[in-house]
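All remarks here apply to the structure that follows.
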Amino acid sequence: MNPAATPAADVQATIEQLWVYPVKSCAGIQLPEAELTDTGLLYDRAWMVVDSEGEFVSQRELPRMALIQPAFKMGQLMLRAPGMLSLHLALDAAEDPLKVRVWDDAVDAYDMGDVAAQWFSDFLGPEAPAHLKRLRLARFDPEVRRPCDPAWTGGVEATTQFADGFGLLVTSSASLADLNARLVAAGHEPVDMRRFRPNIVLGGVEAHDEDRVGALRIETGDSAAVIEPVKPCGRCPIPNIDPSTATSSPVVSDTLQTYRQDPRLIGAITFGMNAIVLEGDGQMLKVGQTVSADWRF
């Protein structure tokens, strides 16, 4: 990294990857460009699988969710899974109102209907515990404002959809390379970025520089988008799940435990930074765009 690359900023990076995860906890889509909204990237965590009580479910309970692959095609969200016919959902479709819960937040949403419910139940139900045999798919109501935790946003009234808590997750390719070097040195296979489910992957910085910077300014042509990393992303066991097979091994968490215990989260292991949108609603983010930031002191 060359801090002198841009005299006005301590750090200059580029957007190396962009990802959206239309259905919470299912596979992501890597995109060359994505629209930024006040709640994060367009269609990110706009849908969510819930149980019969409206409680969200994730790979923590149902690792096979990792095998559900979304795609955008001709105004539809298309979902594929092994052994299943594809499920096609219009991007603007919604049926009956549905009250759902994501972590501690009760949220007004929309049910996506019986066909979608049956599809998810058929694929995930056979290996699910009894209370997760019958599932439904919910769609976030865009009229709802789900606030991010103000204890971390510095008073900014940021919102998100069905993400765990914040609109964006930022990490860097150098952070993954550092982890993989440690895995390989210990005799393990390297892992890819899909395990960490970021939205924005930065290139041109050193490992975990994303932990140490303030607001990120992304040049989008005539204007700029501004996002701010606000909270380290504490890691649950999901990064242990191989996204290609849905099998789990503790090696990733065990390795992170040796060097990524974060005092900001009372010793929890962290990887990447949760971020909020300060400016740029409607701006297009593109791979290759310049990102500048100053160190946070």
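Residues in the structure tokens are named by chain (A, B, ... in the order shown) and by number from 1 within that chain; ligands are numbered from 1 in the order shown.
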Can you pull out the residues contacting Val57 in chain A? Cut-off 12 Å, using only C-alpha atoms, and skip same-chain residues under 5 positions away; I want them as a ChimeraX atom specification. /A:23-26,47-52,62-65,100-103,120,124-125,128-129,131-138,162,164
Would you list, as JSON, numbers by chain, the residues of range 49-276 of chain A that end up in alpha helix (DSSP H) under DSSP run on this structure's backbone? {"A": [114, 115, 116, 117, 118, 119, 120, 121, 122, 123, 124, 150, 151, 152, 153, 173, 174, 175, 176, 177, 178, 179, 180, 181, 182, 183, 184, 185, 251, 252, 253, 254, 255, 256, 257]}
Could you check the closest approach to Lys73 in chain A for each of A:Gln59, A:Lys99, A:Ile227, A:Leu89 and tell me which residue wins, using only C-alpha atoms? A:Leu89
Top pick for closest residue to Val107 in chain A, considering A:Phe56, A:Arg194, A:Asp122, A:Leu77 and counting only C-alpha atoms: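 The shortest atom-to-atom distance to Val107 in chain A comes from A:Phe56.
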Counting only C-alpha atoms, what is within 8 Å of Thr37 in chain A, bar same-chain residues fewer than 3 positions away, as a VMD selection string? chain A and resid 40 to 42 277 280 to 283
Spatial neighbours of Gly165 in chain A, 9 Å, only C-alpha atoms, chain gap at least 2 places, as a ChimeraX atom specification: /A:103,147-149,159-163,167,274
I need the residue nearest Ala94 in chain A from this list: A:Ala106, A:Val291, A:Ala46, A:Ala246. Use only C-alpha atoms for the distance.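 Checking each candidate against Ala94 in chain A, we get A:Ala46 as the closest.
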Would you kindly return, as a list in words, each protein, DNA or RNA residue with an atom no farther than 9 Å from any atom of Glu219 in chain A, considering only C-alpha atoms and excluding same-chain residues fewer than 2 positions away?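 Residues near the query, excluding close chain neighbours: Arg217, Gly221, Asp222, Ser223, Ala224, Ala225, Val226, Leu285, Gln289, Thr290, Val291 and Ser292 of chain A.
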Can you list every residue in range 3-119 of chain A that DSSP puts in strand (DSSP E), as an mmCIF file with N, CA and C atoms, in the first residue's frame?
```
data_model
loop_
_atom_site.group_PDB
_atom_site.id
_atom_site.type_symbol
_atom_site.label_atom_id
_atom_site.label_comp_id
_atom_site.auth_asym_id
_atom_site.auth_seq_id
_atom_site.Cartn_x
_atom_site.Cartn_y
_atom_site.Cartn_z
ATOM 1 N N VAL A 11 -5.243 6.278 2.748
ATOM 2 C CA VAL A 11 -5.328 4.954 2.131
ATOM 3 C C VAL A 11 -6.065 5.072 0.803
ATOM 4 N N GLN A 12 -5.524 4.409 -0.204
ATOM 5 C CA GLN A 12 -6.242 4.293 -1.461
ATOM 6 C C GLN A 12 -6.346 2.820 -1.825
ATOM 7 N N ALA A 13 -7.550 2.402 -2.159
ATOM 8 C CA ALA A 13 -7.807 1.012 -2.497
ATOM 9 C C ALA A 13 -8.672 0.979 -3.754
ATOM 10 N N THR A 14 -9.058 -0.207 -4.154
ATOM 11 C CA THR A 14 -10.023 -0.370 -5.233
ATOM 12 C C THR A 14 -11.070 -1.393 -4.798
ATOM 13 N N ILE A 15 -12.246 -1.311 -5.419
ATOM 14 C CA ILE A 15 -13.241 -2.360 -5.234
ATOM 15 C C ILE A 15 -12.813 -3.554 -6.079
ATOM 16 N N GLU A 16 -12.530 -4.664 -5.436
ATOM 17 C CA GLU A 16 -12.073 -5.869 -6.130
ATOM 18 C C GLU A 16 -13.214 -6.843 -6.401
ATOM 19 N N GLN A 17 -14.180 -6.909 -5.479
ATOM 20 C CA GLN A 17 -15.341 -7.779 -5.659
ATOM 21 C C GLN A 17 -16.569 -7.090 -5.067
ATOM 22 N N LEU A 18 -17.731 -7.386 -5.681
ATOM 23 C CA LEU A 18 -19.028 -6.958 -5.155
ATOM 24 C C LEU A 18 -19.928 -8.187 -5.065
ATOM 25 N N TRP A 19 -20.627 -8.332 -3.945
ATOM 26 C CA TRP A 19 -21.486 -9.484 -3.717
ATOM 27 C C TRP A 19 -22.821 -9.021 -3.151
ATOM 28 N N VAL A 20 -23.897 -9.678 -3.600
ATOM 29 C CA VAL A 20 -25.197 -9.541 -2.938
ATOM 30 C C VAL A 20 -25.699 -10.938 -2.585
ATOM 31 N N ILE A 29 -24.302 -13.773 -5.010
ATOM 32 C CA ILE A 29 -24.074 -13.518 -6.428
ATOM 33 C C ILE A 29 -22.943 -12.498 -6.531
ATOM 34 N N GLN A 30 -21.883 -12.849 -7.238
ATOM 35 C CA GLN A 30 -20.804 -11.900 -7.479
ATOM 36 C C GLN A 30 -21.154 -11.089 -8.721
ATOM 37 N N LEU A 31 -21.102 -9.759 -8.586
ATOM 38 C CA LEU A 31 -21.557 -8.863 -9.639
ATOM 39 C C LEU A 31 -20.449 -7.908 -10.068
ATOM 40 N N GLU A 33 -21.185 -4.864 -11.021
ATOM 41 C CA GLU A 33 -21.664 -3.593 -10.501
ATOM 42 C C GLU A 33 -22.933 -3.838 -9.712
ATOM 43 N N ALA A 34 -23.208 -2.940 -8.776
ATOM 44 C CA ALA A 34 -24.395 -3.071 -7.939
ATOM 45 C C ALA A 34 -24.831 -1.687 -7.504
ATOM 46 N N GLU A 35 -26.146 -1.505 -7.406
ATOM 47 C CA GLU A 35 -26.677 -0.215 -6.978
ATOM 48 C C GLU A 35 -26.651 -0.110 -5.464
ATOM 49 N N LEU A 36 -26.155 1.024 -4.987
ATOM 50 C CA LEU A 36 -26.140 1.292 -3.558
ATOM 51 C C LEU A 36 -27.457 1.944 -3.157
ATOM 52 N N THR A 37 -28.031 1.483 -2.062
ATOM 53 C CA THR A 37 -29.234 2.092 -1.499
ATOM 54 C C THR A 37 -28.946 2.477 -0.054
ATOM 55 N N GLY A 40 -28.024 -0.620 1.965
ATOM 56 C CA GLY A 40 -26.954 -1.497 1.473
ATOM 57 C C GLY A 40 -27.070 -1.662 -0.024
ATOM 58 N N LEU A 41 -26.611 -2.780 -0.560
ATOM 59 C CA LEU A 41 -26.708 -3.013 -1.997
ATOM 60 C C LEU A 41 -28.120 -3.488 -2.357
ATOM 61 N N TRP A 47 -34.879 -11.048 0.907
ATOM 62 C CA TRP A 47 -35.721 -12.208 1.206
ATOM 63 C C TRP A 47 -35.100 -12.994 2.353
ATOM 64 N N MET A 48 -35.921 -13.749 3.071
ATOM 65 C CA MET A 48 -35.436 -14.482 4.237
ATOM 66 C C MET A 48 -36.314 -15.714 4.453
ATOM 67 N N VAL A 49 -35.687 -16.835 4.752
ATOM 68 C CA VAL A 49 -36.403 -18.060 5.074
ATOM 69 C C VAL A 49 -36.778 -18.029 6.557
ATOM 70 N N VAL A 50 -38.024 -18.379 6.841
ATOM 71 C CA VAL A 50 -38.507 -18.367 8.236
ATOM 72 C C VAL A 50 -39.205 -19.683 8.546
ATOM 73 N N GLN A 69 -28.510 -21.512 -4.831
ATOM 74 C CA GLN A 69 -27.789 -20.509 -5.624
ATOM 75 C C GLN A 69 -28.772 -19.571 -6.321
ATOM 76 N N PRO A 70 -28.736 -18.287 -6.006
ATOM 77 C CA PRO A 70 -29.624 -17.334 -6.666
ATOM 78 C C PRO A 70 -28.993 -16.754 -7.930
ATOM 79 N N ALA A 71 -29.842 -16.203 -8.778
ATOM 80 C CA ALA A 71 -29.412 -15.457 -9.951
ATOM 81 C C ALA A 71 -30.508 -14.471 -10.315
ATOM 82 N N PHE A 72 -30.126 -13.369 -10.927
ATOM 83 C CA PHE A 72 -31.089 -12.415 -11.457
ATOM 84 C C PHE A 72 -31.242 -12.668 -12.948
ATOM 85 N N LYS A 73 -32.483 -12.781 -13.416
ATOM 86 C CA LYS A 73 -32.709 -13.051 -14.824
ATOM 87 C C LYS A 73 -34.054 -12.480 -15.248
ATOM 88 N N GLN A 76 -36.496 -11.330 -12.680
ATOM 89 C CA GLN A 76 -36.852 -12.355 -11.713
ATOM 90 C C GLN A 76 -35.646 -12.723 -10.861
ATOM 91 N N LEU A 77 -35.946 -13.195 -9.657
ATOM 92 C CA LEU A 77 -34.961 -13.883 -8.842
ATOM 93 C C LEU A 77 -35.146 -15.371 -9.109
ATOM 94 N N MET A 78 -34.093 -16.013 -9.603
ATOM 95 C CA MET A 78 -34.155 -17.445 -9.902
ATOM 96 C C MET A 78 -33.297 -18.178 -8.887
ATOM 97 N N LEU A 79 -33.857 -19.220 -8.279
ATOM 98 C CA LEU A 79 -33.156 -19.991 -7.267
ATOM 99 C C LEU A 79 -32.985 -21.418 -7.762
ATOM 100 N N ARG A 80 -31.769 -21.919 -7.643
ATOM 101 C CA ARG A 80 -31.469 -23.299 -8.011
ATOM 102 C C ARG A 80 -30.890 -24.022 -6.804
ATOM 103 N N LEU A 87 -36.709 -22.283 -8.984
ATOM 104 C CA LEU A 87 -37.815 -21.473 -8.491
ATOM 105 C C LEU A 87 -37.649 -20.062 -9.040
ATOM 106 N N HIS A 88 -38.697 -19.533 -9.670
ATOM 107 C CA HIS A 88 -38.648 -18.198 -10.263
ATOM 108 C C HIS A 88 -39.601 -17.284 -9.498
ATOM 109 N N LEU A 89 -39.076 -16.158 -9.037
ATOM 110 C CA LEU A 89 -39.868 -15.188 -8.285
ATOM 111 C C LEU A 89 -39.702 -13.818 -8.929
ATOM 112 N N ALA A 90 -40.795 -13.165 -9.252
ATOM 113 C CA ALA A 90 -40.707 -11.796 -9.752
ATOM 114 C C ALA A 90 -40.109 -10.895 -8.672
ATOM 115 N N PRO A 97 -49.336 -10.133 4.066
ATOM 116 C CA PRO A 97 -48.477 -9.601 5.126
ATOM 117 C C PRO A 97 -48.075 -10.717 6.100
ATOM 118 N N LEU A 98 -46.863 -10.603 6.598
ATOM 119 C CA LEU A 98 -46.311 -11.633 7.481
ATOM 120 C C LEU A 98 -45.406 -10.965 8.506
ATOM 121 N N LYS A 99 -45.608 -11.274 9.755
ATOM 122 C CA LYS A 99 -44.730 -10.760 10.813
ATOM 123 C C LYS A 99 -43.578 -11.744 10.999
ATOM 124 N N VAL A 100 -42.348 -11.260 10.900
ATOM 125 C CA VAL A 100 -41.183 -12.128 11.044
ATOM 126 C C VAL A 100 -40.253 -11.551 12.103
ATOM 127 N N ARG A 101 -39.309 -12.397 12.515
ATOM 128 C CA ARG A 101 -38.322 -11.948 13.494
ATOM 129 C C ARG A 101 -36.934 -12.285 13.002
ATOM 130 N N VAL A 102 -36.055 -11.275 13.031
ATOM 131 C CA VAL A 102 -34.643 -11.472 12.732
ATOM 132 C C VAL A 102 -33.856 -10.966 13.937
ATOM 133 N N ASP A 105 -35.381 -8.254 16.394
ATOM 134 C CA ASP A 105 -36.275 -7.323 15.714
ATOM 135 C C ASP A 105 -37.495 -8.042 15.134
ATOM 136 N N ALA A 106 -38.675 -7.632 15.542
ATOM 137 C CA ALA A 106 -39.911 -8.067 14.900
ATOM 138 C C ALA A 106 -40.182 -7.115 13.737
ATOM 139 N N VAL A 107 -40.374 -7.670 12.552
ATOM 140 C CA VAL A 107 -40.422 -6.866 11.336
ATOM 141 C C VAL A 107 -41.658 -7.233 10.523
ATOM 142 N N ASP A 108 -42.360 -6.224 10.025
ATOM 143 C CA ASP A 108 -43.458 -6.451 9.088
ATOM 144 C C ASP A 108 -42.868 -6.779 7.718
ATOM 145 N N ALA A 109 -43.320 -7.898 7.129
ATOM 146 C CA ALA A 109 -42.789 -8.358 5.855
ATOM 147 C C ALA A 109 -43.949 -8.907 5.031
ATOM 148 N N TYR A 110 -43.614 -9.554 3.919
ATOM 149 C CA TYR A 110 -44.613 -10.195 3.064
ATOM 150 C C TYR A 110 -44.249 -11.655 2.855
ATOM 151 N N ASP A 111 -45.265 -12.493 2.857
ATOM 152 C CA ASP A 111 -45.081 -13.895 2.518
ATOM 153 C C ASP A 111 -44.972 -14.023 0.999
#
```
Which residue, A:Glu157, A:Asp209, A:Glu127, A:Glu279, has the smallest gap to Glu228 in chain A when you use only C-alpha atoms?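 So, comparing all the options, the nearest one is A:Glu279.
Checking A:Val251, A:Ile269, A:Thr39, A:Pro190 one by one against Glu143 in chain A, counting only C-alpha atoms, you find the shortest gap at A:Thr39.
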For CA of Pro239 in chain A and CA of Phe196 in chain A, quote the distance in Å rounded to one decimal.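 Between these atoms lies a distance of 5.8 Å.
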Measure the distance from CA of Leu85 in chain A to CA of Ser121 in chain A in Å and round it to one decimal.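 Straight-line distance from CA of Leu85 in chain A to CA of Ser121 in chain A works out to 13.4 Å.
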Considering only C-alpha atoms, state which residue in the set A:Ala158, A:Met284, A:Leu256, A:Ala9 is at the smallest distance from Pro237 in chain A. A:Leu256
Near-Ile238 in chain A list (10 Å; only C-alpha atoms; drop same-chain fewer than 5 positions) as an NGL selection string: :A and (25 or 58-61 or 63 or 66 or 195-197 or 243 or 246 or 248-250 or 252-253)
Near range 211-215 of chain A, 10 Å: range 239-279 of chain A residue rows, closest pairs, only C-alpha atoms, as a Markdown table:
```
| residue | atom | partner | partner_atom | distance |
| --- | --- | --- | --- | --- |
| A:Thr270 | CA | A:Asp211 | CA | 9.7 |
| A:Phe271 | CA | A:Asp211 | CA | 8.8 |
| A:Gly272 | CA | A:Asp211 | CA | 7.0 |
| A:Met273 | CA | A:Asp211 | CA | 6.3 |
| A:Asn274 | CA | A:Asp211 | CA | 9.7 |
| A:Ala275 | CA | A:Ala215 | CA | 9.0 |
| A:Ile276 | CA | A:Ala215 | CA | 9.4 |
| A:Val277 | CA | A:Ala215 | CA | 9.5 |
| A:Leu278 | CA | A:Ala215 | CA | 8.5 |
```
Let me see the file: selected residues, N, CA and C atoms, as a short mmCIF file (atom, residue, chain, number, x, y, z; two decimals), in the first residue's frame.
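File written: out_38.cif
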```cif
data_model
loop_
_atom_site.label_atom_id
_atom_site.label_comp_id
_atom_site.auth_asym_id
_atom_site.auth_seq_id
_atom_site.Cartn_x
_atom_site.Cartn_y
_atom_site.Cartn_z
N THR A 270 -13.27 -11.83 15.00
CA THR A 270 -13.88 -10.96 13.99
C THR A 270 -13.13 -11.10 12.67
N PHE A 271 -13.86 -10.81 11.61
CA PHE A 271 -13.27 -10.81 10.26
C PHE A 271 -14.16 -9.92 9.41
N GLY A 272 -13.62 -8.79 8.96
CA GLY A 272 -14.41 -7.82 8.20
C GLY A 272 -15.08 -6.80 9.10
N MET A 273 -15.60 -5.76 8.45
CA MET A 273 -16.26 -4.68 9.20
C MET A 273 -17.67 -4.44 8.67
N ASN A 274 -18.62 -4.38 9.60
CA ASN A 274 -19.95 -3.93 9.24
C ASN A 274 -19.90 -2.44 8.95
N ALA A 275 -20.67 -2.02 7.93
CA ALA A 275 -20.62 -0.61 7.52
C ALA A 275 -22.03 -0.11 7.24
N ILE A 276 -22.17 1.22 7.30
CA ILE A 276 -23.44 1.88 7.00
C ILE A 276 -23.24 2.85 5.84
N VAL A 277 -24.34 3.21 5.19
CA VAL A 277 -24.30 4.12 4.05
C VAL A 277 -24.52 5.55 4.55
N LEU A 278 -23.55 6.42 4.29
CA LEU A 278 -23.68 7.83 4.66
C LEU A 278 -24.17 8.68 3.49
#
```
